[in-house]
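J.: Structure file protein39.cif (mmCIF, C-alpha atoms and all ligand atoms) is given on the next line.
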```
data_query
loop_
_atom_site.label_atom_id
_atom_site.label_comp_id
_atom_site.auth_asym_id
_atom_site.auth_seq_id
_atom_site.Cartn_x
_atom_site.Cartn_y
_atom_site.Cartn_z
CA MET A 1029 66.29 60.70 68.92
CA HIS A 1030 67.06 64.36 68.37
CA VAL A 1031 67.43 67.61 70.30
CA ASP A 1032 66.13 71.07 69.47
CA ILE A 1033 68.28 73.87 70.90
CA ALA A 1034 66.46 76.87 69.36
CA ASN A 1035 64.91 77.96 72.65
CA ALA A 1036 68.33 78.12 74.31
CA LEU A 1037 69.58 80.74 71.86
CA ALA A 1038 69.92 84.36 72.93
CA ASP A 1039 67.33 85.26 70.22
CA THR A 1040 64.72 83.74 72.54
CA ALA A 1041 66.13 83.36 76.00
CA SER A 1042 68.16 84.98 78.73
CA PRO A 1043 70.40 83.36 79.69
CA GLY A 1044 70.90 82.16 76.15
CA ILE A 1045 73.76 81.70 73.72
CA SER A 1046 74.23 84.02 70.75
CA ARG A 1047 74.81 82.55 67.30
CA ASP A 1048 78.39 83.96 67.29
CA ALA A 1049 79.13 82.37 70.64
CA LEU A 1050 77.66 79.11 69.37
CA ALA A 1051 80.16 79.15 66.48
CA ARG A 1052 83.02 79.71 68.94
CA LEU A 1053 81.67 76.96 71.17
CA ASP A 1054 81.73 74.60 68.20
CA ASP A 1055 85.51 75.12 67.93
CA GLN A 1056 85.83 74.09 71.59
CA VAL A 1057 83.68 71.03 70.85
CA ALA A 1058 86.06 70.03 68.04
CA ALA A 1059 89.06 70.19 70.39
CA ALA A 1060 87.19 68.31 73.12
CA HIS A 1061 86.12 65.68 70.62
CA ASP A 1062 89.76 64.96 69.73
CA ARG A 1063 90.47 64.29 73.39
CA ILE A 1064 87.36 62.14 73.79
CA GLU A 1065 88.09 60.09 70.66
CA ARG A 1066 91.63 59.41 71.87
CA GLY A 1067 90.23 58.32 75.22
CA ILE A 1068 87.73 55.98 73.56
CA GLU A 1069 90.32 54.46 71.23
CA GLY A 1070 92.74 53.91 74.14
CA ARG A 1071 89.92 52.63 76.40
CA GLU A 1072 91.11 55.14 78.99
CA HIS A 1073 89.36 55.24 82.37
CA GLY A 1074 85.89 56.72 81.92
CA TYR A 1075 86.15 57.29 78.18
CA ALA A 1076 85.87 53.51 77.84
CA ALA A 1077 82.14 53.96 78.60
CA LEU A 1078 81.64 55.46 75.16
CA ALA A 1079 83.14 52.29 73.60
CA LEU A 1080 80.51 50.06 75.23
CA PRO A 1081 78.31 49.66 72.15
CA GLU A 1082 81.29 47.91 70.59
CA ASP A 1083 82.67 46.22 73.70
CA VAL A 1084 79.67 44.90 75.60
CA ASP A 1085 79.13 41.13 75.37
CA VAL A 1086 75.35 40.73 75.24
CA ASP A 1087 75.61 36.96 74.68
CA ALA A 1088 77.40 36.52 78.01
CA ILE A 1089 74.65 38.52 79.74
CA ARG A 1090 71.93 36.45 78.07
CA GLU A 1091 73.74 33.22 78.95
CA THR A 1092 73.97 34.07 82.66
CA THR A 1093 70.41 35.33 82.94
CA ALA A 1094 68.95 32.37 80.99
CA ALA A 1095 69.23 30.32 84.19
CA PHE A 1096 66.62 32.65 85.73
CA ALA A 1097 63.97 32.32 83.02
CA ASP A 1098 61.26 31.51 85.59
CA THR A 1099 61.64 34.90 87.30
CA GLU A 1100 58.49 36.71 88.35
CA THR A 1101 60.21 39.32 90.52
CA LEU A 1102 63.68 40.79 90.17
CA LEU A 1103 65.38 42.33 93.18
CA ASN A 1104 68.33 44.39 91.98
CA VAL A 1105 70.44 45.03 95.06
CA GLY A 1106 72.75 47.95 94.28
CA ILE A 1107 72.93 51.71 94.66
CA GLY A 1108 73.84 54.75 92.53
CA GLY A 1109 75.36 53.65 89.25
CA SER A 1110 74.69 50.05 90.22
CA ALA A 1111 70.94 50.71 90.17
CA LEU A 1112 69.87 53.73 88.17
CA GLY A 1113 70.88 52.67 84.64
CA ALA A 1114 69.13 49.32 84.96
CA ALA A 1115 66.13 50.98 86.63
CA THR A 1116 65.87 53.54 83.83
CA ILE A 1117 65.60 50.76 81.26
CA THR A 1118 63.28 48.38 83.11
CA ASP A 1119 61.02 51.17 84.43
CA ALA A 1120 60.73 52.67 80.95
CA LEU A 1121 59.79 49.30 79.46
CA ALA A 1122 57.86 47.90 82.45
CA ASN A 1123 54.65 47.54 80.41
CA GLU A 1124 56.44 45.15 78.05
CA SER A 1125 57.59 42.75 80.77
CA SER A 1126 55.93 40.14 82.96
CA VAL A 1127 58.72 40.53 85.54
CA ASP A 1128 58.30 43.07 88.36
CA ALA A 1129 61.68 44.71 88.92
CA TYR A 1130 62.53 46.40 92.22
CA TYR A 1131 65.66 48.35 93.00
CA LEU A 1132 66.91 48.03 96.56
CA ASP A 1133 68.96 51.20 96.47
CA ASN A 1134 68.17 52.40 99.95
CA VAL A 1135 68.42 50.95 103.42
CA ASP A 1136 65.14 52.25 104.77
CA PRO A 1137 64.20 49.32 107.04
CA GLU A 1138 60.42 49.82 106.84
CA TRP A 1139 60.46 49.86 103.05
CA ILE A 1140 62.69 46.78 102.74
CA THR A 1141 60.68 44.82 105.31
CA ALA A 1142 57.39 45.63 103.54
CA LEU A 1143 58.80 44.77 100.12
CA LEU A 1144 60.18 41.42 101.24
CA SER A 1145 56.89 40.48 102.84
CA GLU A 1146 55.01 41.22 99.61
CA VAL A 1147 57.03 39.34 96.99
CA ASP A 1148 57.04 35.60 96.36
CA LEU A 1149 60.68 34.85 97.09
CA ALA A 1150 60.53 31.39 95.48
CA SER A 1151 60.10 33.00 92.04
CA THR A 1152 62.37 35.96 92.78
CA THR A 1153 65.80 36.48 91.24
CA VAL A 1154 68.39 38.56 93.07
CA ASN A 1155 71.08 40.45 91.22
CA VAL A 1156 73.64 41.93 93.61
CA VAL A 1157 75.44 44.72 91.80
CA SER A 1158 78.50 46.54 93.09
CA ARG A 1159 81.54 47.66 91.15
CA SER A 1160 83.67 47.87 94.28
CA GLY A 1161 81.96 45.01 96.09
CA THR A 1162 82.30 47.01 99.31
CA THR A 1163 79.31 49.38 99.40
CA ALA A 1164 77.77 49.02 102.87
CA GLU A 1165 74.14 49.64 101.83
CA THR A 1166 74.31 47.03 99.08
CA LEU A 1167 75.99 44.36 101.20
CA ALA A 1168 73.60 44.98 104.11
CA ASN A 1169 70.54 44.69 101.85
CA PHE A 1170 71.93 41.54 100.29
CA LEU A 1171 72.36 39.93 103.73
CA VAL A 1172 68.78 40.88 104.60
CA VAL A 1173 67.38 39.45 101.33
CA ARG A 1174 69.40 36.27 101.66
CA ASP A 1175 68.16 35.80 105.22
CA ALA A 1176 64.53 36.37 104.14
CA MET A 1177 64.94 33.67 101.47
CA THR A 1178 66.45 31.20 103.91
CA SER A 1179 63.68 31.81 106.45
CA THR A 1180 61.02 31.03 103.83
CA GLY A 1181 62.78 27.85 102.73
CA VAL A 1182 64.17 29.23 99.47
CA ASP A 1183 67.73 28.26 98.52
CA TRP A 1184 69.13 31.74 97.90
CA THR A 1185 72.18 30.34 96.09
CA ASP A 1186 69.88 29.05 93.32
CA ARG A 1187 68.20 32.41 92.91
CA THR A 1188 71.13 34.84 93.08
CA PHE A 1189 73.77 36.12 90.69
CA VAL A 1190 76.22 38.96 91.17
CA THR A 1191 77.59 41.69 88.94
CA THR A 1192 80.86 42.76 90.49
CA GLY A 1193 84.59 43.20 89.95
CA GLU A 1194 87.46 40.74 90.26
CA GLU A 1195 88.19 41.69 93.87
CA GLY A 1196 86.32 42.61 97.01
CA PRO A 1197 84.09 41.00 99.64
CA LEU A 1198 81.13 40.50 97.29
CA ARG A 1199 83.25 38.65 94.76
CA ARG A 1200 84.77 36.43 97.43
CA LEU A 1201 81.33 35.66 98.85
CA ALA A 1202 80.01 34.83 95.37
CA ASP A 1203 82.93 32.50 94.69
CA ARG A 1204 82.48 30.79 98.03
CA HIS A 1205 78.85 29.96 97.21
CA GLY A 1206 79.38 29.26 93.51
CA LEU A 1207 77.12 32.13 92.37
CA PRO A 1208 77.20 33.12 88.71
CA ASN A 1209 79.14 36.36 88.24
CA LEU A 1210 78.83 38.90 85.47
CA PRO A 1211 82.05 40.92 85.21
CA GLN A 1212 82.13 44.69 85.52
CA PRO A 1213 83.34 46.52 82.42
CA GLU A 1214 86.95 47.72 82.61
CA GLY A 1215 87.43 51.45 83.10
CA VAL A 1216 83.71 52.29 83.20
CA PRO A 1217 82.51 54.21 86.30
CA GLY A 1218 79.16 53.06 87.71
CA ARG A 1219 77.16 56.06 86.49
CA PHE A 1220 78.35 55.42 82.92
CA SER A 1221 77.64 51.68 83.01
CA ALA A 1222 73.98 51.50 81.94
CA LEU A 1223 74.94 49.95 78.61
CA SER A 1224 77.10 47.22 80.16
CA THR A 1225 76.48 44.12 82.29
CA VAL A 1226 75.46 46.54 85.07
CA GLY A 1227 72.42 47.95 83.28
CA LEU A 1228 71.69 45.19 80.81
CA ALA A 1229 71.49 42.18 83.14
CA ALA A 1230 68.25 43.45 84.67
CA ALA A 1231 66.91 44.24 81.19
CA SER A 1232 67.75 40.70 80.12
CA VAL A 1233 65.97 39.11 83.13
CA CYS A 1234 62.95 41.26 82.23
CA GLY A 1235 63.05 39.93 78.66
CA HIS A 1236 64.01 43.14 76.86
CA ASP A 1237 65.86 43.27 73.55
CA LEU A 1238 69.52 43.85 74.41
CA ASP A 1239 70.57 43.98 70.75
CA ALA A 1240 68.18 46.86 70.10
CA LEU A 1241 69.43 48.75 73.18
CA VAL A 1242 73.00 48.41 71.96
CA ALA A 1243 72.03 49.26 68.36
CA GLY A 1244 70.47 52.54 69.52
CA ALA A 1245 73.65 53.39 71.42
CA SER A 1246 75.79 52.47 68.39
CA GLU A 1247 73.88 54.92 66.21
CA GLN A 1248 74.84 57.69 68.60
CA ARG A 1249 78.44 56.45 68.84
CA GLU A 1250 78.71 56.80 65.06
CA LYS A 1251 77.54 60.39 65.32
CA LEU A 1252 80.38 61.48 67.61
CA GLY A 1253 82.37 63.97 65.58
CA PRO A 1254 84.01 67.37 65.70
CA SER A 1255 80.82 69.47 65.60
CA LEU A 1256 77.84 69.84 67.90
CA HIS A 1257 75.67 70.38 64.82
CA SER A 1258 75.73 66.73 63.82
CA ASN A 1259 75.41 65.05 67.19
CA PRO A 1260 72.47 65.39 69.62
CA GLY A 1261 74.56 64.34 72.64
CA TYR A 1262 77.32 66.85 72.04
CA ALA A 1263 74.76 69.54 71.19
CA TYR A 1264 73.02 68.96 74.52
CA GLY A 1265 76.24 68.87 76.56
CA ALA A 1266 77.65 71.99 74.88
CA ILE A 1267 74.44 73.99 75.33
CA ALA A 1268 74.00 72.95 78.96
CA TYR A 1269 77.61 73.99 79.65
CA ALA A 1270 77.29 77.29 77.78
CA LEU A 1271 74.08 78.18 79.59
CA ASP A 1272 75.60 77.35 82.96
CA GLN A 1273 78.47 79.70 82.10
CA ARG A 1274 75.80 82.36 81.46
CA GLY A 1275 73.97 81.82 84.74
CA ALA A 1276 71.76 78.72 84.26
CA SER A 1277 73.29 76.87 87.20
CA VAL A 1278 70.27 74.55 87.49
CA ASN A 1279 69.21 72.01 84.88
CA ALA A 1280 65.63 70.83 85.39
CA MET A 1281 65.16 67.51 83.64
CA MET A 1282 61.46 67.17 82.84
CA PRO A 1283 60.33 64.10 80.91
CA TYR A 1284 56.73 64.08 79.70
CA ALA A 1285 56.22 60.33 80.26
CA GLU A 1286 55.77 58.44 83.51
CA SER A 1287 57.92 55.72 82.00
CA LEU A 1288 60.87 58.14 81.85
CA GLU A 1289 60.66 59.42 85.41
CA THR A 1290 63.57 57.21 86.47
CA PHE A 1291 65.60 58.54 83.54
CA ALA A 1292 65.62 61.93 85.29
CA GLU A 1293 67.04 60.25 88.41
CA TRP A 1294 69.73 58.53 86.37
CA PHE A 1295 70.57 61.83 84.68
CA ALA A 1296 70.82 63.56 88.06
CA GLN A 1297 73.55 61.19 89.24
CA LEU A 1298 75.38 61.37 85.91
CA TRP A 1299 75.38 65.17 85.85
CA ALA A 1300 75.98 65.79 89.55
CA GLU A 1301 78.74 63.27 90.27
CA SER A 1302 80.55 63.86 87.01
CA LEU A 1303 80.53 67.65 86.82
CA GLY A 1304 80.19 68.79 90.42
CA LYS A 1305 83.80 69.49 91.32
CA ASP A 1306 86.33 72.30 91.78
CA GLY A 1307 83.47 74.69 92.57
CA LEU A 1308 81.93 74.00 89.15
CA GLY A 1309 78.95 72.05 87.86
CA GLN A 1310 75.28 72.48 87.05
CA THR A 1311 72.72 71.30 89.62
CA PRO A 1312 70.31 68.74 88.20
CA ALA A 1313 66.68 69.10 89.31
CA ARG A 1314 64.03 66.46 88.67
CA ALA A 1315 60.58 67.22 87.40
CA LEU A 1316 57.84 65.27 85.65
CA GLY A 1317 55.52 66.59 82.96
CA ALA A 1318 52.65 67.27 83.06
CA THR A 1319 52.41 66.77 86.85
CA ASP A 1320 55.05 69.33 87.81
CA GLN A 1321 53.57 72.04 85.62
CA HIS A 1322 51.20 72.33 88.54
CA SER A 1323 53.97 72.54 91.09
CA GLN A 1324 57.43 73.62 89.90
CA LEU A 1325 56.73 75.50 86.67
CA GLN A 1326 55.85 78.75 88.45
CA LEU A 1327 59.45 78.92 89.70
CA TYR A 1328 60.95 77.90 86.37
CA ARG A 1329 59.05 80.60 84.49
CA ALA A 1330 59.09 83.43 87.00
CA GLY A 1331 61.81 82.70 89.57
CA PRO A 1332 65.52 83.53 89.27
CA ARG A 1333 66.98 83.30 85.77
CA ASP A 1334 69.26 80.46 86.84
CA LYS A 1335 67.60 77.52 85.09
CA LEU A 1336 67.71 75.52 81.92
CA VAL A 1337 64.64 73.32 81.49
CA THR A 1338 65.12 70.11 79.51
CA LEU A 1339 61.84 68.83 78.10
CA VAL A 1340 61.86 65.18 77.02
CA ARG A 1341 59.10 63.24 75.27
CA PRO A 1342 58.37 60.37 72.92
CA THR A 1343 56.75 61.67 69.72
CA GLU A 1344 54.74 58.49 69.37
CA ARG A 1345 52.85 56.66 72.13
CA ASP A 1346 49.73 54.53 72.51
CA ASP A 1347 46.94 56.95 73.20
CA HIS A 1348 43.89 56.53 75.38
CA ASP A 1349 40.71 58.24 74.16
CA ILE A 1350 39.03 60.67 76.48
CA PRO A 1351 35.36 59.59 76.67
CA GLU A 1352 32.43 61.87 75.92
CA SER A 1353 31.10 63.79 78.85
CA ASP A 1354 27.66 65.00 79.84
CA ALA A 1355 29.08 68.39 80.86
CA GLU A 1356 29.13 71.06 78.16
CA GLU A 1357 32.19 72.75 79.67
CA LEU A 1358 34.19 69.57 79.04
CA ALA A 1359 33.23 69.35 75.36
CA TYR A 1360 36.69 70.62 74.34
CA LEU A 1361 38.19 67.34 75.55
CA GLU A 1362 35.93 65.24 73.34
CA GLY A 1363 37.56 63.52 70.42
CA THR A 1364 41.02 63.90 71.92
CA GLY A 1365 43.20 61.46 73.88
CA LEU A 1366 45.27 61.65 77.04
CA GLY A 1367 48.39 61.54 74.86
CA GLU A 1368 47.17 64.48 72.82
CA LEU A 1369 46.51 66.37 76.03
CA MET A 1370 50.02 65.48 77.25
CA ASP A 1371 51.52 66.80 74.00
CA ALA A 1372 49.49 70.00 74.22
CA GLU A 1373 50.79 70.47 77.77
CA PHE A 1374 54.36 69.89 76.58
CA ASP A 1375 54.02 72.43 73.74
CA ALA A 1376 52.33 74.92 76.07
CA THR A 1377 55.08 74.63 78.69
CA GLU A 1378 57.80 75.08 76.11
CA ALA A 1379 56.04 78.11 74.64
CA SER A 1380 55.34 79.61 78.04
CA LEU A 1381 59.01 79.39 78.98
CA ALA A 1382 60.02 80.96 75.67
CA ALA A 1383 57.43 83.73 76.06
CA ALA A 1384 59.03 84.56 79.42
CA GLY A 1385 62.50 84.45 77.84
CA ARG A 1386 63.49 81.33 79.80
CA PRO A 1387 65.76 78.78 78.09
CA SER A 1388 64.74 75.22 77.35
CA VAL A 1389 65.99 72.35 75.23
CA ARG A 1390 63.65 69.82 73.68
CA VAL A 1391 64.78 66.17 73.55
CA GLU A 1392 62.54 63.88 71.50
CA LEU A 1393 62.55 60.11 71.16
CA ASP A 1394 60.62 58.46 68.35
CA ARG A 1395 58.98 56.29 71.01
CA VAL A 1396 59.93 54.66 74.31
CA ASP A 1397 61.51 51.41 73.12
CA GLU A 1398 64.85 49.66 73.48
CA ARG A 1399 66.49 51.35 70.50
CA GLU A 1400 65.53 54.86 71.48
CA LEU A 1401 66.46 54.26 75.13
CA GLY A 1402 69.90 53.00 74.10
CA ALA A 1403 70.29 56.14 72.01
CA LEU A 1404 69.11 58.45 74.81
CA LEU A 1405 71.40 56.93 77.45
CA TYR A 1406 74.43 57.00 75.17
CA ALA A 1407 73.75 60.55 73.96
CA MET A 1408 73.44 61.85 77.53
CA GLU A 1409 76.66 60.11 78.54
CA ALA A 1410 78.41 61.69 75.55
CA ALA A 1411 76.87 65.04 76.56
CA CYS A 1412 78.28 64.64 80.05
CA VAL A 1413 81.76 63.61 78.90
CA LEU A 1414 81.84 66.58 76.53
CA ALA A 1415 80.63 68.97 79.24
CA GLY A 1416 83.36 67.62 81.54
CA GLU A 1417 85.98 68.48 78.91
CA LEU A 1418 84.54 71.97 78.48
CA TYR A 1419 84.51 72.62 82.24
CA GLY A 1420 87.99 71.08 82.53
CA VAL A 1421 87.01 68.80 85.43
CA ASP A 1422 87.92 65.18 86.10
CA THR A 1423 84.57 63.74 84.99
CA PHE A 1424 85.15 60.17 86.06
CA VAL A 1425 85.94 60.45 89.78
CA GLN A 1426 83.74 61.24 92.81
CA PRO A 1427 86.03 61.97 95.77
CA ALA A 1428 83.36 63.95 97.61
CA VAL A 1429 81.07 60.90 97.71
CA GLU A 1430 83.87 58.66 98.91
CA TRP A 1431 84.33 60.99 101.91
CA GLY A 1432 80.82 60.23 103.18
CA LYS A 1433 81.24 56.51 102.50
CA ASN A 1434 84.37 56.47 104.67
CA ALA A 1435 82.66 58.41 107.45
CA ALA A 1436 79.80 55.88 107.53
CA ARG A 1437 82.23 52.95 107.54
CA GLY A 1438 84.14 54.51 110.44
CA LEU A 1439 80.92 55.03 112.41
CA LEU A 1440 79.96 51.40 111.91
CA GLY A 1441 83.36 50.30 113.24
CA GLU A 1442 84.74 48.92 109.99
CA GLY A 1443 88.09 50.59 110.64
CA ASP A 1444 89.80 53.86 111.52
CA TYR A 1445 88.59 56.65 109.27
CA ASP A 1446 89.43 60.33 109.98
CA GLU A 1447 86.16 61.23 108.28
CA ALA A 1448 84.23 59.55 111.13
CA ASP A 1449 85.90 61.88 113.67
CA ALA A 1450 84.36 64.84 111.87
CA VAL A 1451 80.89 63.40 112.59
CA ALA A 1452 81.63 63.29 116.31
CA ALA A 1453 83.00 66.86 116.20
CA LYS A 1454 79.69 68.33 114.96
CA ASP A 1455 78.44 71.41 116.89
CA GLU A 1456 74.84 71.55 118.10
CA LEU A 1457 72.38 74.44 118.38
CA ILE A 1458 69.10 72.68 119.17
CA ILE A 1459 65.78 74.49 119.29
CA GLU A 1460 62.78 72.60 120.67
O1 LIG A 1501 78.94 49.91 92.51
P1 LIG A 1501 79.40 50.31 93.87
O2 LIG A 1501 80.88 50.16 94.03
O3 LIG A 1501 78.66 49.58 94.94
O4 LIG A 1501 79.12 51.84 94.03
C1 LIG A 1501 77.82 52.39 94.03
C2 LIG A 1501 77.90 53.89 94.05
O5 LIG A 1501 78.73 54.23 95.15
C3 LIG A 1501 79.11 55.59 95.32
O6 LIG A 1501 78.10 56.29 95.93
C4 LIG A 1501 79.59 56.23 94.07
O7 LIG A 1501 79.71 57.61 94.25
C5 LIG A 1501 78.67 55.94 92.92
O8 LIG A 1501 79.22 56.47 91.73
C6 LIG A 1501 78.50 54.45 92.77
O9 LIG A 1501 77.69 54.21 91.66
#
```
Represent the supplied structure as structure tokens.
Ligand SMILES: O=P(O)(O)OC[C@H]1O[C@H](O)[C@H](O)[C@@H](O)[C@@H]1O
T.:
Amino acid sequence: MHVDIANALADTASPGISRDALARLDDQVAAAHDRIERGIEGREHGYAALALPEDVDVDAIRETTAAFADTETLLNVGIGGSALGAATITDALANESSVDAYYLDNVDPEWITALLSEVDLASTTVNVVSRSGTTAETLANFLVVRDAMTSTGVDWTDRTFVTTGEEGPLRRLADRHGLPNLPQPEGVPGRFSALSTVGLAAASVCGHDLDALVAGASEQREKLGPSLHSNPGYAYGAIAYALDQRGASVNAMMPYAESLETFAEWFAQLWAESLGKDGLGQTPARALGATDQHSQLQLYRAGPRDKLVTLVRPTERDDHDIPESDAEELAYLEGTGLGELMDAEFDATEASLAAAGRPSVRVELDRVDERELGALLYAMEAACVLAGELYGVDTFVQPAVEWGKNAARGLLGEGDYDEADAVAAKDELIIE
């Protein structure tokens, strides 16, 4: 995995960073790295995430999930950081697995009802994931899934394990029913937990190679050092920060692979919840190549100069030949493959942005496999932690999200929350 930052330099783009400013930025990276390394060594809250390649116990994950070897469908009941890391991995590698993995990370009743009526619950494994064990959406979905199993004569206690902390309602419920429990990593916020029990349990149920995922992350861990020039993660985080400072307040994450579409969702949570505070932060946007060339690219190339476009692709993938056609106008497609076309689209988009003086960063994986995914996830987490240091924000908290959670709890009558009063106090100006 590597990044190419040339098209984010002021030589090409505006906003862009000059070579002199890049040298000054590298001094800031060195100082930030000292802080990060201390945090990792001391397993401080949040920084502990970057120690996961060393700390995660893949044998314990394999041991717990071995009891569910007959799984045909996995229902991962969790939201935010308790869904997106696992979903990134299993969606990216879905073609390699015989297990269909679904992420119940929303409480849309029509969607849940339809899903539960489609899957064979007798061969379904349920992983209920919640760091706090209190998230209303997760607990509600779990109760619904459990009820669906009971109504179809499936013993839900045989088919369920939980991934949660030492305390909380979910843990108590799991203990009461003797459900296997995978512990949450200490000091690792949900959005940084892809490379822990939280992200890897689903990967294990789907039969993916946990050792390779961790090995890819370890490679990137070893690259953490005092310069952005020897570390793709730091390079990405430093450039994204520097461009935001120069006006690129939006970061459009655009993978050129269907298998990486969920990665852009995971990145959006990582970037938004970690950096969006104190009036600072860069807004993550989600796009998919080549599809969104035909929808969003117009804005990225010719709209306000407030965007950094991050183009992600595997350099190697199984191609599919484009068959001969009987139309002369289509002759140019003959002898090529869909993958070749995808690559041409990627190169064309990158060049078209550069020709318009718009900044982009290229992120390339050797291929979409466990090792490269582990590397990508770790590098982006390191990028985010570094960016947090450069902004000077508290990367590992999300008080603004907690506000909404409290308001919803208050509305549902779980207790007295001031936040719920604000909902009732809303003004109305209705137009019909
Ligand atoms: O894992 P849980 O405690 O259920 O939390 C799930 C999610 O809840 C909140 O929305 C937080 O802002 C997220 O960071 C977290 O990932």
J.: Can I get the residues close to ligand LIG 1501 (chain A) as a VMD selection string, where close means within 6 Å and we count only C-alpha atoms and all ligand atoms?
T.: chain A and resid 1107 to 1110 1158 to 1161 1163 1218 to 1219 1426 1429
J.: Could you check the closest approach to Thr1152 of chain A for each of A:Gly1438, A:Pro1081, A:Phe1189, A:Asn1134 and tell me which residue wins, using all atoms listed in the file?
T.: A:Phe1189
J.: Do you have the atom CA of Thr1101 of chain A-atom CA of Ala1222 of chain A distance handy?
T.: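 Atom CA of Ala1222 of chain A lies at a distance of 20.3 Å from atom CA of Thr1101 of chain A.
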J.: Atom CA of Ala1240 of chain A and atom CA of Gly1113 of chain A, how far apart in Å?
T.: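 One can read the atom CA of Gly1113 of chain A to atom CA of Ala1240 of chain A distance as 15.9 Å.
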J.: Which residues of segment 1202-1321 of chain A come within 8 Å of segment 1368-1389 of chain A, and for each one, what is the closest pair of atoms and their distance in Å to one decimal, counting only C-alpha atoms, sorted by chain and residue number, as a Markdown table?
T.:
```
| residue | atom | partner | partner_atom | distance |
| --- | --- | --- | --- | --- |
| A:Tyr1264 | CA | A:Val1389 | CA | 7.8 |
| A:Tyr1284 | CA | A:Phe1374 | CA | 7.0 |
| A:Gly1317 | CA | A:Phe1374 | CA | 7.3 |
| A:Ala1318 | CA | A:Glu1373 | CA | 6.5 |
| A:Gln1321 | CA | A:Thr1377 | CA | 7.6 |
```
J.: Put those residues in a file: C-alpha atoms, as a short mmCIF file (atom, residue, chain, number, x, y, z; two decimals), in the coordinates of the input.
T.:
```cif
data_model
loop_
_atom_site.label_atom_id
_atom_site.label_comp_id
_atom_site.auth_asym_id
_atom_site.auth_seq_id
_atom_site.Cartn_x
_atom_site.Cartn_y
_atom_site.Cartn_z
CA TYR A 1264 73.02 68.96 74.52
CA TYR A 1284 56.73 64.08 79.70
CA GLY A 1317 55.52 66.59 82.96
CA ALA A 1318 52.65 67.27 83.06
CA GLN A 1321 53.57 72.04 85.62
#
```
J.: Using only C-alpha atoms for the distances, tell me which of A:Glu1250, A:Glu1069, A:Asp1349, A:Asp1119 is nearest to Glu1289 of chain A.
T.: A:Asp1119
J.: Quote the spacing between atom CA of Ile1458 of chain A and atom CA of Val1135 of chain A in Å to one decimal place.
T.: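 About the pair atom CA of Ile1458 of chain A and atom CA of Val1135 of chain A: they are 26.8 Å apart.
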J.: Out of A:Thr1092, A:Ser1255, A:Ser1145, A:Ser1125, which residue has the shortest atom-to-atom distance to Gln1056 of chain A when counting all atoms listed in the file?
T.: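 Of all the options, A:Ser1255 lies closest to Gln1056 of chain A.
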J.: Please report as a tab-separated table every residue of segment 1257-1307 of chain A lying within 10 Å of segment 1338-1341 of chain A, along with the nearest atom pair and their distance in Å (one decimal), using all atoms listed in the file.
T.:
```
residue	atom	partner	partner_atom	distance
A:Tyr1264	CA	A:Thr1338	CA	9.4
A:Ala1268	CA	A:Thr1338	CA	9.3
A:Asn1279	CA	A:Thr1338	CA	7.0
A:Ala1280	CA	A:Thr1338	CA	5.9
A:Met1281	CA	A:Thr1338	CA	4.9
A:Met1282	CA	A:Leu1339	CA	5.0
A:Pro1283	CA	A:Val1340	CA	4.3
A:Tyr1284	CA	A:Arg1341	CA	5.1
A:Ala1285	CA	A:Arg1341	CA	6.5
A:Leu1288	CA	A:Arg1341	CA	8.5
A:Ala1292	CA	A:Val1340	CA	9.6
```
J.: Pick out the residues sitting within 8 Å of Cys1412 of chain A, and hand them over as a list in words; count all atoms listed in the file, and ignore anything fewer than 2 positions along from it in its own chain.
T.: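 Neighbouring residues, sequence-local ones excluded: Gly1265, Leu1298, Trp1299, Ser1302, Leu1303, Met1408, Glu1409, Ala1410, Leu1414, Ala1415 and Gly1416 of chain A.
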J.: Go through A:Pro1211, A:Ala1202, A:Ile1033, A:Val1233 and flag the residue nearest Val1127 of chain A, using all atoms listed in the file for the distances.
T.: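 Once distances to Val1127 of chain A are computed over all atoms listed in the file, the minimum belongs to A:Val1233.
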J.: Give me, as a PDB file with C-alpha atoms, keeping the file's coordinate frame, all polymer residues having an atom no more than 6 Å from Asp1394 of chain A, counting all atoms listed in the file and skipping those fewer than 4 positions away in the same chain.
T.:
```
ATOM      1  CA  PRO A1342      58.370  60.370  72.920  1.00  0.00           C
ATOM      2  CA  THR A1343      56.750  61.670  69.720  1.00  0.00           C
ATOM      3  CA  GLU A1344      54.740  58.490  69.370  1.00  0.00           C
TER       4      GLU A1344
END
```
J.: Rank nothing, just name the residue among A:Gln1248, A:Val1391, A:Leu1308, A:Asp1175 nearest to Ala1034 of chain A, using all atoms listed in the file.
T.: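 Result for the nearest residue to Ala1034 of chain A: A:Val1391.
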J.: Identify, on the basis of all atoms listed in the file, every residue whose closest approach to Gly1432 of chain A does not exceed 9 Å; exclude the query and any residue fewer than 4 positions from it along the same chain; express the result as a PyMOL selection string.
T.: chain A and resi 1428+1436-1437+1447-1448
J.: Residues within 7 Å of (68.8, 44.4, 95.3), file coordinates, counting only C-alpha atoms: what are they? Give the list as a PDB file with C-alpha atoms, in the coordinates of the input.
T.:
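Result file follows (point38.pdb):
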```pdb
ATOM      1  CA  LEU A1103      65.380  42.330  93.180  1.00  0.00           C
ATOM      2  CA  ASN A1104      68.330  44.390  91.980  1.00  0.00           C
ATOM      3  CA  VAL A1105      70.440  45.030  95.060  1.00  0.00           C
ATOM      4  CA  GLY A1106      72.750  47.950  94.280  1.00  0.00           C
ATOM      5  CA  TYR A1131      65.660  48.350  93.000  1.00  0.00           C
ATOM      6  CA  LEU A1132      66.910  48.030  96.560  1.00  0.00           C
ATOM      7  CA  ASP A1133      68.960  51.200  96.470  1.00  0.00           C
ATOM      8  CA  VAL A1154      68.390  38.560  93.070  1.00  0.00           C
ATOM      9  CA  ASN A1155      71.080  40.450  91.220  1.00  0.00           C
ATOM     10  CA  VAL A1156      73.640  41.930  93.610  1.00  0.00           C
ATOM     11  CA  ASN A1169      70.540  44.690 101.850  1.00  0.00           C
ATOM     12  CA  PHE A1170      71.930  41.540 100.290  1.00  0.00           C
TER      13      PHE A1170
END
```
